[in-house]
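Shown below: coords-v7.pdb, with PDB, C-alpha atoms.
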ATOM      1  CA  MET L   1     179.063  91.034 109.085
ATOM      2  CA  LYS L   2     175.526  91.776 107.934
ATOM      3  CA  ASN L   3     173.003  88.951 108.246
ATOM      4  CA  ASN L   4     169.992  90.468 106.469
ATOM      5  CA  LEU L   5     171.417  90.371 102.934
ATOM      6  CA  LEU L   6     169.020  89.861 100.052
ATOM      7  CA  PHE L   7     169.154  86.605  98.117
ATOM      8  CA  ASP L   8     166.471  85.907  95.537
ATOM      9  CA  PHE L   9     166.610  83.058  93.007
ATOM     10  CA  THR L  10     163.675  82.902  90.568
ATOM     11  CA  VAL L  11     163.130  80.692  87.527
ATOM     12  CA  ASP L  12     160.701  81.761  84.800
ATOM     13  CA  LYS L  13     160.388  78.756  82.509
ATOM     14  CA  ALA L  14     158.026  80.580  80.129
ATOM     15  CA  ALA L  15     160.717  83.224  79.567
ATOM     16  CA  LYS L  16     163.532  80.599  79.675
ATOM     17  CA  THR L  17     165.220  82.866  82.204
ATOM     18  CA  VAL L  18     166.762  82.622  85.673
ATOM     19  CA  TYR L  19     166.832  85.786  87.800
ATOM     20  CA  ILE L  20     169.279  86.023  90.695
ATOM     21  CA  THR L  21     169.603  88.989  93.036
ATOM     22  CA  ARG L  22     172.257  88.739  95.721
ATOM     23  CA  GLU L  23     173.680  91.270  98.164
ATOM     24  CA  PHE L  24     177.180  91.064  99.620
ATOM     25  CA  ASP L  25     178.677  92.794 102.655
ATOM     26  CA  ALA L  26     181.619  94.071 100.606
ATOM     27  CA  ASP L  27     182.648  97.068  98.547
ATOM     28  CA  LEU L  28     181.683  97.204  94.897
ATOM     29  CA  SER L  29     185.301  97.090  93.655
ATOM     30  CA  LEU L  30     185.976  93.851  95.510
ATOM     31  CA  VAL L  31     182.755  92.187  94.309
ATOM     32  CA  TRP L  32     183.445  93.327  90.732
ATOM     33  CA  ASP L  33     186.943  91.834  90.910
ATOM     34  CA  ALA L  34     185.542  88.558  92.267
ATOM     35  CA  PHE L  35     183.336  88.260  89.163
ATOM     36  CA  THR L  36     185.919  89.415  86.631
ATOM     37  CA  LYS L  37     189.363  88.115  87.674
ATOM     38  CA  ALA L  38     190.269  84.462  87.120
ATOM     39  CA  GLU L  39     192.355  84.167  90.295
ATOM     40  CA  LEU L  40     189.286  85.135  92.356
ATOM     41  CA  LEU L  41     186.683  83.331  90.226
ATOM     42  CA  ASP L  42     188.580  80.085  90.710
ATOM     43  CA  GLN L  43     188.240  80.459  94.489
ATOM     44  CA  TRP L  44     184.427  80.513  94.543
ATOM     45  CA  VAL L  45     182.653  79.664  91.306
ATOM     46  CA  ALA L  46     182.554  75.863  91.669
ATOM     47  CA  PRO L  47     180.327  74.149  94.234
ATOM     48  CA  ALA L  48     182.245  71.952  96.687
ATOM     49  CA  PRO L  49     183.725  69.416  96.386
ATOM     50  CA  MET L  50     184.447  70.601  92.836
ATOM     51  CA  VAL L  51     187.047  73.277  92.106
ATOM     52  CA  SER L  52     187.320  75.762  89.264
ATOM     53  CA  LYS L  53     190.361  75.836  86.995
ATOM     54  CA  THR L  54     190.704  78.685  84.487
ATOM     55  CA  LYS L  55     192.823  77.829  81.462
ATOM     56  CA  TYR L  56     192.743  81.436  80.231
ATOM     57  CA  GLN L  57     190.720  84.621  80.609
ATOM     58  CA  ASP L  58     190.756  87.837  78.590
ATOM     59  CA  PHE L  59     188.230  90.154  80.228
ATOM     60  CA  LYS L  60     187.417  92.531  77.386
ATOM     61  CA  VAL L  61     184.613  92.798  74.839
ATOM     62  CA  GLY L  62     185.159  89.868  72.488
ATOM     63  CA  GLY L  63     187.505  88.226  75.010
ATOM     64  CA  LYS L  64     186.873  84.817  76.529
ATOM     65  CA  ARG L  65     187.243  82.798  79.684
ATOM     66  CA  PHE L  66     187.800  79.070  79.225
ATOM     67  CA  TYR L  67     187.578  77.062  82.418
ATOM     68  CA  ALA L  68     186.639  73.729  83.922
ATOM     69  CA  MET L  69     184.883  72.612  87.037
ATOM     70  CA  VAL L  70     186.945  69.681  88.254
ATOM     71  CA  SER L  71     185.594  66.880  90.446
ATOM     72  CA  PRO L  72     187.675  65.283  93.233
ATOM     73  CA  GLU L  73     188.151  62.324  90.848
ATOM     74  CA  GLY L  74     189.639  64.655  88.221
ATOM     75  CA  LEU L  75     186.647  64.735  85.865
ATOM     76  CA  GLU L  76     186.522  68.078  84.027
ATOM     77  CA  ARG L  77     183.367  69.902  82.892
ATOM     78  CA  TRP L  78     184.525  72.682  80.569
ATOM     79  CA  ALA L  79     182.744  75.915  79.704
ATOM     80  CA  ILE L  80     183.558  78.877  77.522
ATOM     81  CA  GLN L  81     182.349  82.407  78.130
ATOM     82  CA  GLU L  82     182.599  85.241  75.609
ATOM     83  CA  TYR L  83     182.286  88.776  76.936
ATOM     84  CA  THR L  84     179.836  90.767  74.795
ATOM     85  CA  SER L  85     179.567  94.028  76.760
ATOM     86  CA  ILE L  86     181.504  95.607  79.644
ATOM     87  CA  THR L  87     180.765  98.795  81.565
ATOM     88  CA  PRO L  88     183.396  98.805  84.346
ATOM     89  CA  LYS L  89     182.086  98.369  87.913
ATOM     90  CA  THR L  90     178.477  98.517  86.653
ATOM     91  CA  ASN L  91     177.641  95.762  84.170
ATOM     92  CA  PHE L  92     179.012  93.018  81.995
ATOM     93  CA  LYS L  93     177.347  90.554  79.672
ATOM     94  CA  MET L  94     178.606  87.265  78.343
ATOM     95  CA  TYR L  95     177.558  84.283  76.297
ATOM     96  CA  ASN L  96     178.139  81.018  78.161
ATOM     97  CA  ALA L  97     178.219  77.487  76.768
ATOM     98  CA  PHE L  98     179.488  74.131  77.906
ATOM     99  CA  ALA L  99     182.433  72.976  75.811
ATOM    100  CA  ASP L 100     184.825  70.120  75.312
ATOM    101  CA  ALA L 101     188.481  70.296  76.349
ATOM    102  CA  ASP L 102     189.353  71.625  72.866
ATOM    103  CA  GLU L 103     187.074  74.671  73.284
ATOM    104  CA  ASN L 104     184.333  73.420  70.983
ATOM    105  CA  PRO L 105     181.079  74.818  72.414
ATOM    106  CA  GLN L 106     178.087  72.574  73.024
ATOM    107  CA  LEU L 107     175.199  74.701  71.825
ATOM    108  CA  PRO L 108     172.734  76.036  72.683
ATOM    109  CA  GLY L 109     174.117  78.202  75.457
ATOM    110  CA  SER L 110     172.895  81.057  77.599
ATOM    111  CA  GLU L 111     173.230  84.838  77.801
ATOM    112  CA  TRP L 112     174.297  86.221  81.179
ATOM    113  CA  ASP L 113     173.751  89.839  82.226
ATOM    114  CA  HIS L 114     175.444  90.989  85.475
ATOM    115  CA  THR L 115     174.549  94.361  87.029
ATOM    116  CA  PHE L 116     176.381  95.758  90.066
ATOM    117  CA  SER L 117     175.440  98.569  92.468
ATOM    118  CA  GLU L 118     176.559  99.626  95.939
ATOM    119  CA  GLN L 119     174.784 101.356  98.790
ATOM    120  CA  ASP L 120     176.222 101.889 102.274
ATOM    121  CA  GLY L 121     178.948  99.266 101.828
ATOM    122  CA  THR L 122     176.540  96.598 100.550
ATOM    123  CA  THR L 123     176.952  95.534  96.941
ATOM    124  CA  LYS L 124     173.966  94.192  95.023
ATOM    125  CA  VAL L 125     174.515  91.893  92.057
ATOM    126  CA  ILE L 126     171.631  91.160  89.706
ATOM    127  CA  ILE L 127     172.216  88.281  87.303
ATOM    128  CA  THR L 128     169.791  87.521  84.493
ATOM    129  CA  ILE L 129     170.433  84.291  82.591
ATOM    130  CA  TYR L 130     168.498  83.777  79.375
ATOM    131  CA  ASN L 131     168.632  80.251  77.934
ATOM    132  CA  GLU L 132     168.245  79.805  74.199
ATOM    133  CA  SER L 133     166.375  76.567  74.777
ATOM    134  CA  LEU L 134     163.763  75.568  77.355
ATOM    135  CA  GLU L 135     165.001  71.985  77.031
ATOM    136  CA  ARG L 136     168.528  73.104  77.975
ATOM    137  CA  LEU L 137     167.223  75.104  80.928
ATOM    138  CA  GLU L 138     165.145  72.184  82.200
ATOM    139  CA  SER L 139     167.977  69.684  81.723
ATOM    140  CA  ILE L 140     170.442  71.658  83.878
ATOM    141  CA  LEU L 141     168.092  73.434  86.282
ATOM    142  CA  ALA L 142     168.272  71.184  89.350
ATOM    143  CA  GLY L 143     172.064  70.938  89.355
ATOM    144  CA  PHE L 144     172.494  74.565  88.342
ATOM    145  CA  THR L 145     170.248  75.828  91.144
ATOM    146  CA  ILE L 146     172.119  73.877  93.822
ATOM    147  CA  GLY L 147     175.511  74.704  92.332
ATOM    148  CA  MET L 148     174.829  78.416  91.924
ATOM    149  CA  LYS L 149     173.525  78.774  95.480
ATOM    150  CA  MET L 150     176.603  76.953  96.822
ATOM    151  CA  SER L 151     178.930  79.059  94.670
ATOM    152  CA  LEU L 152     177.372  82.336  95.837
ATOM    153  CA  SER L 153     177.781  81.152  99.433
ATOM    154  CA  ASN L 154     181.449  80.428  98.623
ATOM    155  CA  LEU L 155     181.714  83.977  97.277
ATOM    156  CA  GLU L 156     180.193  85.435 100.436
ATOM    157  CA  ASN L 157     182.830  83.610 102.522
ATOM    158  CA  LEU L 158     185.662  84.671 100.199
ATOM    159  CA  LEU L 159     184.554  88.316 100.307
ATOM    160  CA  ALA L 160     184.380  88.206 104.116
ATOM    161  CA  THR L 161     187.953  86.871 104.211
ATOM    162  CA  LEU L 162     189.271  89.390 101.678
ATOM    163  CA  SER L 163     187.530  92.376 103.262
ATOM    164  CA  GLY L 164     188.270  91.333 106.845
ATOM    165  CA  LYS L 165     184.592  91.353 107.858
TER     166      LYS L 165
END

So that I can check it, write out the structure of this file as structure tokens.
Amino acid sequence: MKNNLLFDFTVDKAAKTVYITREFDADLSLVWDAFTKAELLDQWVAPAPMVSKTKYQDFKVGGKRFYAMVSPEGLERWAIQEYTSITPKTNFKMYNAFADADENPQLPGSEWDHTFSEQDGTTKVIITIYNESLERLESILAGFTIGMKMSLSNLENLLATLSGK
């Protein structure tokens, strides 16, 4: 297992954007699947002690993923993601918004752009998250930062298990 993997997390409030660059000691196909298949997403995307529960996912342009992060007490925080662009194994974009349990989005949301590349068995994922509102960004930033870092650590552990590294 490689220990010198890149992890950069930068917030640009003036641009209302979060930039995340993360390397994984895993093949591109496996990392792509971990970001695009509900059965894998649900194993890493929620920070402990929460768990992710996907109600449905249709990974295609115009398709959606509707899921909740569920607390140990059973409280659900729903979100809906609509896929706006997909270039297999290279890039996908989606619009993300919190929602209620009936799929009604709580706007404004954010635009996510995921780019994937592989070199020598290391896969780099670059995620750019543009928030429509600075107020929204500032209101979720502390929890989002902690949660995203924990989730990406969960993903690293899942990939190590799945790839046998």

Fewer than 2 positions away in the same chain doesn't count, so skip those; otherwise give me all residues within 6 Å of L:Glu118, counting all atoms listed in the file, as a CSV table (one decimal) with C-alpha atoms, in the coordinates of the input.
chain,number,residue,atom,x,y,z
L,28,LEU,CA,181.7,97.2,94.9
L,122,THR,CA,176.5,96.6,100.6
L,123,THR,CA,177.0,95.5,96.9

Given the PyMOL selection byres ((chain L and resi 84-97) around 8), the residues it picks as a PyMOL selection string = chain L and resi 28-29+32+60-62+79-83+98-99+105-117

Box in all listed atoms of stretch 13-18 of chain L, axis-aligned, with 5 Å more on each side; write out centre and edge lengths in Å to one decimal as lines of an AutoDock Vina configuration file.
center_x = 162.4
center_y = 81.0
center_z = 82.6
size_x = 18.7
size_y = 14.5
size_z = 16.1

**Q.** Counting all atoms listed in the file, the option among L:Trp44, L:Trp78, L:Tyr130, L:Phe144 closest to L:Asn157
**A.**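 The answer is L:Trp44, which sits nearest to L:Asn157.
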
Using all atoms listed in the file, the residue out of L:Ala160, L:Met150, L:Ala142, L:Ile129 with shortest distance to L:Tyr19 is L:Ile129

**Q.** Separation of atom CA of L:Met69 from atom CA of L:Phe7, in Å and rounded to one decimal
**A.**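 Going from atom CA of L:Met69 over to atom CA of L:Phe7 covers 23.8 Å.
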
Notebook entry, point to check: For L:Gly63, which of L:Thr145, L:Thr128, L:Thr36, L:Leu30 is the closest residue, counting only C-alpha atoms?
Noted result: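 Comparing L:Thr145, L:Thr128, L:Thr36, L:Leu30 against L:Gly63, the winner is L:Thr36.
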
Which one of L:Thr17, L:Ser71, L:Ser133, L:Gln57 sits closest to L:Phe35 if you count all atoms listed in the file?
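Looking only at the distances to L:Phe35, the closest residue turns out to be L:Gln57.
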
On this structure, the PyMOL selection byres ((chain L and resi 47) around 10) would catch which residues? List them as a list in words, sorted by chain and number. Trp44, Val45, Ala46, Ala48, Pro49, Met50, Val51, Ser52, Met69, Val70, Ser71, Phe144, Ile146, Gly147, Met148, Lys149, Met150, Ser151, Leu152, Ser153 and Asn154 of chain L

request  = Can you give me, as a list in words, the residues this file yields under the PyMOL selection byres ((chain L and resi 164) around 12)?
outcome  =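 Listing what the PyMOL selection byres ((chain L and resi 164) around 12) selects in the shown file: Met1, Asp25, Ala26, Asp27, Leu30, Glu156, Asn157, Leu158, Leu159, Ala160, Thr161, Leu162, Ser163 and Lys165 of chain L.
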
**Report entry** Which of L:Ala14, L:Ile140, L:Leu40, L:Leu6 sits closest to L:Lys53 [using all atoms listed in the file]
**Finding:**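 Using all atoms listed in the file, L:Lys53 sits closest to L:Leu40.
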
Of the candidates L:Glu103, L:Asp120, L:Glu76, L:Leu41, which shows the shortest atom-to-atom distance to L:Lys64, using all atoms listed in the file?
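Of the candidates, the smallest distance to L:Lys64 is held by L:Glu103.
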
Margin query: For a test of reading the model, state the distance in Å between atom CA of L:Val11 and atom CA of L:Tyr67, rounded to one decimal.
Written below: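 Answer for the atom CA of L:Val11 to atom CA of L:Tyr67 separation: 25.2 Å.
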
Correct to one decimal, the distance atom CA of L:Glu23-atom CA of L:Leu141 is 22.1 Å

- Query: Please, which residues are within 10 Å of (167.8, 91.7, 101.3) by the file's coordinates, counting all atoms listed in the file, and could they come as a list in words?
  - Reply: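 Checked against the point, the hits come out as Asn3, Asn4, Leu5, Leu6, Phe7, Asp8, Thr21, Arg22, Glu23, Phe24 and Lys124 of chain L.
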